[in-house]
Amino acid sequence: MKLNIDGLLVYFPYDYIYPEQYSYMLELKRTLDAKGHGVLEMPSGTGKTISLLSLIVAYQKAFPLEVTKLIYCSRTVPEIEKVVEELRKLMEFYCKQTGESNNFLALALSSRKNLCIHPEVSSLRFGKEVDGKCHSLTASYIRAQRHSDPNLPSCRFYEEFDSVGRQVPLPPGIYNLDDLKDFGRRKGWCPYYLARYSIMHANIVVYSYHYLLDPKIADLVSKELAKKSVVVFDEAHNIDNVCIDSMSVNITRRTLDRCQNNVDTLQNTISKIKETDAAKLKEEYRRLVEGLKEANVARETDVYLANPVLPDEILQEAVPGTIRTAEHFVGFLRRFMEYLKSRLRVHHVVQESTPQFLKDIFEKVCIDRKPLRFCAERLQSLLRTLEIADIADFSAVTLIANFATLVSTYSQGFTIIIEPFEDRTPTIANPVLHFSCMDPSIAIKPVFQRFQSVVITSGTLSPLDIYPRILDFRPVTMASFTMTLARTCLCPLIVGRGNDQVALSSKFETREDFAVIRNYGNLLLEMSAIVPDGIVAFFTSYMYMENIVASWYEQGILENIQRNKLIFIETPDAAETSMALEKYQEACENGRGAILLSVARGKVSEGIDFVHHFGRAVIMFGVPYVYTQSRILKARLEYLRDHFQIRENDFLTFDAMRHAAQCVGRAIRGKTDYGLMIFADKRYARADKRGKLPRWIQEHISDGSLNLTVDEAIQLSKHFLRQMAQPFRQEDQLGLSLLTLEQLESEEVLQKIAKIAHQT
Amino acid sequence: MASLSEEVLLVVKKVRQRKQDGTLYLMAERIAWGPEGKDRFTVSHLYADIRCQKISPDGKAKIQLQLILHTGESTTFHFSNESSALKDRDAAKELLQQLLPKFKKKANKELEEKNRMLQEDPVLFQLYKDLVVSQVISADEFWANRLGDMNNSDPTPYNNKQDVGISGAFLADIRPQTDGCNGLRYNLTADIIESIFRTYPAVKQKYGENVPHNLTEKEFWTRFFQSHYFHRDRINTGTQDIFSECAKQDEKGLKSMVVQGVKNPLVDLLSLEDKTLDEGYGVSTTTPSTSNANRTVKESSNAAIIKRFNHHSAMVLAAGSRKGQAAQMGTRGILTSSSLLLNPFFSLAIEYEDLQRENRLKTVALNLKKSDRYAHGPVPLQSQHYTTSQDIINSVNHIRHEMVNYKPNLTQVLSSTAASSAITALSPGGVLMMTGTQQAINQMIPTEVQGELKHLYAAAGELLRHFWSCFPVNSPFLEEKVMKMKTNLERFQMTKLCPFQEKIQRQYLSTNLTGHLEEMLQTAYSKFHVWQTRRMLRKT
């Protein structure tokens, strides 16, 4: 259908539309008009992606000079693929309606591991190996060497792309990863470099967060993207953690040992080169003196990881004299490493700020701040000069150099914590130096500054106002949309008591309490008897799950559950869990029914959807608080309190509730879907917890379902499931939660819709 | 009775049955026992007739073996050879154990089928009672051509028997019971054993390797339950344990399953992340180190339990779908080949079915008048017949309407004389009712006699059908059968028909009732005589 969104003609590739999609598009249009940033929450399964794409594509077509590019960031590879498929659908609709052929170029970009078509390289299993191998075939000096010695191995796909691929732009169309690979195979071009080259002139780019948020990668890939782009972060409820992760470093004794080896190798290579080709080193030295680090064409294939700090923090000066010669630099690295080793030899926990650390290092080993800041860059230059092929081996020394640069660049927003052992095993020495970022706004700041509109959206962003605060930006629109429902297809229940009136809670004091564990078991057992097909149960942590599973096993609860359904359990091993997941789906598919025991904050809770019969009920055992004894977390909480005026408890609850909402939200993927959401902890009943759940869940929690016993919950669930099993037809939805074009044009309906969008 | 051609598999001497010494024979198709010094068997059971065997517990003084038949009868043998009683019994038991299942399936299926037919067809059941239970003919004869019919008529539902899956909790169903003196008893049934074998092929293989030459069956299962393999939280299995190899095989199987990876990219956690952070970057949220050194014993046993459960569920699932795998593979193949056009997993994942115009077939939805009742479960059924007032009004209106529109068709009626003559002719005693006495049989005869007569007709019909089906008699088998049928008929006349005749005579009812039955029998007899005389002539 064709929609009129505030004067903009929008093609929407479906015959009907949900009211909230309409309001979402209105709000999005306002954000784009104002050239500002927005925070939009809309329940999963209400067609967020297609609404976003429809509106922004229409906007791009209407105002090609205002918005030149859409950068769509998602979290996982399947999500990226899904976005491309939706886009394909939209574009097909455009072609059918307008009769014109598509002149848009949209493509997905992913790491080499997912795009490489070189027979040998692509067969490697780990991303790091693929990157390293690719580098060893395509680095500029390797290719230069090949001129003299044609027998050296090469990547014909890259050579082909390099010689002709750049002249002819990628023809318009929609390319997912497989399409790119197919195209690459047909032409004999490297799909990875083709994609990286093509994103510069593509209309729509779909890739993962890291390409924008991680400065080490962003500087390589996304540096030249146009300012007039719209950036969308989908599934952005965890964006603060992604930001923090990209700026944090951990150093263990093992890292230092490997670093030692790296430095030794460097030393040897330098002395070898000195004998054979001293001119090369001299040339590098001369360049550095003149500050001509850019003069050497740093070709795209050469740089493995760019500077870890953000672009505006990089010093535009010549490398200081102390580390200019290769030997001096290696000596410098050695000193720095020895210093770190000595720091790891502590017997008690140390926490200090970055200025403290710098002062200490200056006093102890006379290392100045300035050379430290150039460490990462100097190392890159050295590795290039030494023509080291397999860069993947040098990850340890790169890590140390990056740490040096980070620690000397930022005086605020970071903390250094040295722990001599893990908390759980105080007898085993395993010292770790955590250099941890506490301020997510540091990493995302350039994105907000550079691009004209940044939209942060997800199914669970409540409470909305906390995101602008922790990411430090000022949005022009903030809105939370609810799900209009013709039938209440979600049934949130808070189970606070067992049948024996024991209060159910996962809080620390009652964690080992057998009565609680038994009652949790009863809840699962009874649910397994009444819920058809799949049940997903989430625990607060892996440890907690292991303990509960063990005691359920001893008490024979699991055996009884097995009479009703098969049991699958998430393990720390991703491959094993994938298999369990597939088997779980198979068991749901063939009617046997299954239970998946999983962990909040785990991979399953973040990336896997349980549509329809794959998840008819989700049980959340306990409140998924983060492990609060962690020193890193404590430091971060302090920082949040001092700099953003967010109280510790508020943040912890917010964090726990967003994960709980993520978990239970996995089961509802649309209006024809239905599912039970069982919060098995009495603490959920409190207003401060409940109030932090997304509105679309909150509004279905009635006062009567706040503190149920297991039996009561079972009764309510039975009733709910029977009701949901009734046929549900399109006619039931029309006018309420589904609109036709005519309905959308009537004034009355529009007013009703306006109420749905909840301005906050 | 003991035909010489039978192969005797086992002979056990000194076996008592009903306090009589004798010898037990296990043959290819039956088990038999004959008293000492006599040349015939007093007990003989086909294996197919035996439902199960039971043995006396080990500690008991008497060493016995009991056979329970499908009919519910049982026969007990007491092994009384002092030196080797136990060995004898076990030998017999083992052999029976191997033999019985072979016959069991067939027997069960047939028996079930017969049972079903009798239950579904009351006439047949009555016939069965009349003929078989009263021993006019034997059960075999009765079923001889029934089953033939049945097998030919609709074989499909029986041949395509659906495979039954395995209960997820079959191991849990083997509840150990304490026997009061520090011991545990596990009750194993054939079903459970089959479940174990189907779920854990490794155990089956072990069973095949070790039983019966290395271990007896009992020892095997005892070890199975004792082994850590059964106790799923085991960490390290002793090397002397025969099941440690099974555990290793399981581990290997699990690993190969894991290495195979998953086909659905939406659940592949390995390739979920696009660009993972390099080692050393990121906030490490105290991930418990996976190296075993750091883990306590309890933790690793917990991890083992979790692994076991995943494996167990996967195996149960696989055992259930092993048959259907071929078909499944087929569809998968199609899926992958079409993936070049559009990945099915993704296109399904982005589908919003309710946003599209419906163009599937209209189906009739179940329209519940009282959804409450449906939601609250069954309520006691009340045998009330509801007629709403609206219905009554409607029907009255309808009748009224009919009456208003009623128009007699006067041109088509009979003249009054013709009508009255027809009435007299049709009244009792009228011209057309002369033979009407017999028609009124249902008024003259009490219902029980009627019922009995019906059964007699049915039984006679069945016997006669057997009799006549023998003609033309062109094989020795048919010859034998026709002789037998003749005696059967005579027996029927003697035991069934004559008493009935006497009974109706006593009740002063017309003996004419059985006239037709007798006539039929006589016809059969005369046919038989004709055939017999002709045969005699031919022979002489």
# chains A, B, ... in the order shown; residues from 1 in each chain; ligands from 1
call {"tool": "interface_residues", "arguments": {"of": "chain B", "to": "chain A", "cutoff": "6 Å", "atoms": "only C-alpha atoms", "output": "PyMOL selection string"}}
result
chain B and resi 168-169+172+258+266-270+272-274+280-283+302+310+313+346+355-356+375
call {"tool": "residues_around", "arguments": {"residues": "Met527 (chain A)", "least_positions_apart": "2", "cutoff": "12 Å", "atoms": "only C-alpha atoms", "output": "JSON, numbers by chain"}}
result
{"A": [520, 521, 522, 523, 524, 525, 529, 530, 531, 532, 533, 534, 535, 536, 537, 560, 561, 564, 565, 593, 594, 595, 616, 617, 618, 619, 676, 677, 678, 710, 711, 712, 713, 714, 715, 716, 717, 718, 721]}
call {"tool": "write_last_selection", "arguments": {"atoms": "N, CA and C atoms", "output": "compact mmCIF listing (two decimals), in the first residue's frame"}}
result
# COMPACT_ATOMS: atom_id res chain seq x y z
N TYR A 520 10.73 -23.83 42.63
CA TYR A 520 11.03 -23.50 41.23
C TYR A 520 10.85 -24.75 40.37
N GLY A 521 11.33 -25.87 40.90
CA GLY A 521 11.18 -27.13 40.16
C GLY A 521 9.73 -27.48 39.95
N ASN A 522 8.93 -27.30 40.99
CA ASN A 522 7.51 -27.59 40.86
C ASN A 522 6.86 -26.73 39.79
N LEU A 523 7.26 -25.48 39.79
CA LEU A 523 6.69 -24.56 38.80
C LEU A 523 6.98 -25.07 37.40
N LEU A 524 8.24 -25.44 37.18
CA LEU A 524 8.60 -25.90 35.84
C LEU A 524 7.89 -27.21 35.52
N LEU A 525 7.81 -28.08 36.50
CA LEU A 525 7.17 -29.38 36.30
C LEU A 525 5.71 -29.19 35.91
N ALA A 529 3.52 -29.72 32.14
CA ALA A 529 2.36 -30.57 31.91
C ALA A 529 1.26 -29.85 31.16
N ILE A 530 1.23 -28.52 31.24
CA ILE A 530 0.09 -27.85 30.61
C ILE A 530 0.43 -27.05 29.36
N VAL A 531 1.69 -26.72 29.19
CA VAL A 531 2.04 -25.87 28.05
C VAL A 531 2.36 -26.75 26.85
N PRO A 532 1.76 -26.48 25.70
CA PRO A 532 2.09 -27.28 24.53
C PRO A 532 3.46 -26.90 23.97
N ASP A 533 4.07 -27.82 23.27
CA ASP A 533 5.34 -27.59 22.54
C ASP A 533 6.46 -27.04 23.42
N GLY A 534 6.98 -25.87 23.10
CA GLY A 534 8.24 -25.45 23.72
C GLY A 534 8.09 -24.54 24.93
N ILE A 535 8.96 -24.76 25.91
CA ILE A 535 9.07 -23.86 27.05
C ILE A 535 10.53 -23.43 27.15
N VAL A 536 10.77 -22.16 27.37
CA VAL A 536 12.13 -21.70 27.59
C VAL A 536 12.21 -21.16 29.00
N ALA A 537 13.21 -21.60 29.73
CA ALA A 537 13.38 -21.11 31.09
C ALA A 537 14.74 -20.43 31.20
N ASN A 560 10.78 -36.32 36.44
CA ASN A 560 9.35 -36.14 36.25
C ASN A 560 9.05 -35.20 35.09
N ILE A 561 9.90 -34.21 34.93
CA ILE A 561 9.70 -33.31 33.80
C ILE A 561 9.89 -34.08 32.50
N ASN A 564 7.08 -35.41 30.58
CA ASN A 564 6.26 -34.51 29.77
C ASN A 564 7.00 -33.98 28.56
N LYS A 565 8.25 -33.62 28.77
CA LYS A 565 8.98 -32.99 27.67
C LYS A 565 10.44 -33.40 27.74
N GLY A 593 7.56 -31.90 22.18
CA GLY A 593 7.64 -30.84 23.18
C GLY A 593 8.97 -30.88 23.89
N ALA A 594 9.49 -29.70 24.24
CA ALA A 594 10.79 -29.68 24.88
C ALA A 594 10.90 -28.47 25.78
N ILE A 595 11.89 -28.56 26.67
CA ILE A 595 12.20 -27.45 27.56
C ILE A 595 13.64 -27.06 27.32
N ARG A 616 6.13 -21.29 23.82
CA ARG A 616 4.78 -20.96 24.26
C ARG A 616 4.80 -20.39 25.67
N ALA A 617 5.89 -20.59 26.36
CA ALA A 617 6.01 -20.01 27.69
C ALA A 617 7.48 -19.70 27.95
N VAL A 618 7.70 -18.59 28.59
CA VAL A 618 9.05 -18.27 29.05
C VAL A 618 8.98 -18.12 30.55
N ILE A 619 9.88 -18.78 31.24
CA ILE A 619 9.91 -18.65 32.69
C ILE A 619 11.22 -17.99 33.07
N LEU A 676 3.14 -17.28 27.27
CA LEU A 676 3.11 -16.93 28.69
C LEU A 676 4.44 -16.31 29.06
N MET A 677 4.41 -15.32 29.95
CA MET A 677 5.66 -14.78 30.46
C MET A 677 5.59 -14.91 31.97
N ILE A 678 6.41 -15.77 32.52
CA ILE A 678 6.30 -16.01 33.94
C ILE A 678 7.53 -15.46 34.65
N VAL A 710 2.17 -20.97 42.81
CA VAL A 710 2.37 -21.80 41.63
C VAL A 710 1.03 -22.30 41.11
N ASP A 711 0.18 -22.76 42.02
CA ASP A 711 -1.11 -23.30 41.60
C ASP A 711 -1.96 -22.27 40.87
N GLU A 712 -1.97 -21.06 41.45
CA GLU A 712 -2.78 -20.01 40.83
C GLU A 712 -2.26 -19.69 39.44
N ALA A 713 -0.96 -19.64 39.34
CA ALA A 713 -0.36 -19.35 38.03
C ALA A 713 -0.75 -20.42 37.03
N ILE A 714 -0.76 -21.68 37.48
CA ILE A 714 -1.12 -22.76 36.57
C ILE A 714 -2.56 -22.61 36.10
N GLN A 715 -3.44 -22.26 37.03
CA GLN A 715 -4.84 -22.09 36.65
C GLN A 715 -4.99 -20.99 35.61
N LEU A 716 -4.34 -19.85 35.87
CA LEU A 716 -4.44 -18.74 34.93
C LEU A 716 -3.86 -19.12 33.57
N SER A 717 -2.74 -19.86 33.62
CA SER A 717 -2.09 -20.24 32.37
C SER A 717 -2.99 -21.16 31.56
N LYS A 718 -3.62 -22.10 32.24
CA LYS A 718 -4.49 -23.03 31.54
C LYS A 718 -5.57 -22.26 30.80
N LEU A 721 -4.11 -20.36 27.84
CA LEU A 721 -3.72 -21.19 26.70
C LEU A 721 -4.94 -21.68 25.94
call {"tool": "select_by_dssp", "arguments": {"residues": "region 81-300 of chain A", "states": "helix (DSSP H, G or I)", "output": "ChimeraX atom specification"}}
result
/A:81-98,112-115,121-123,127-138,140-148,156-165,177-187,191-198,210-213,215-221,236-247,253-276,278-290
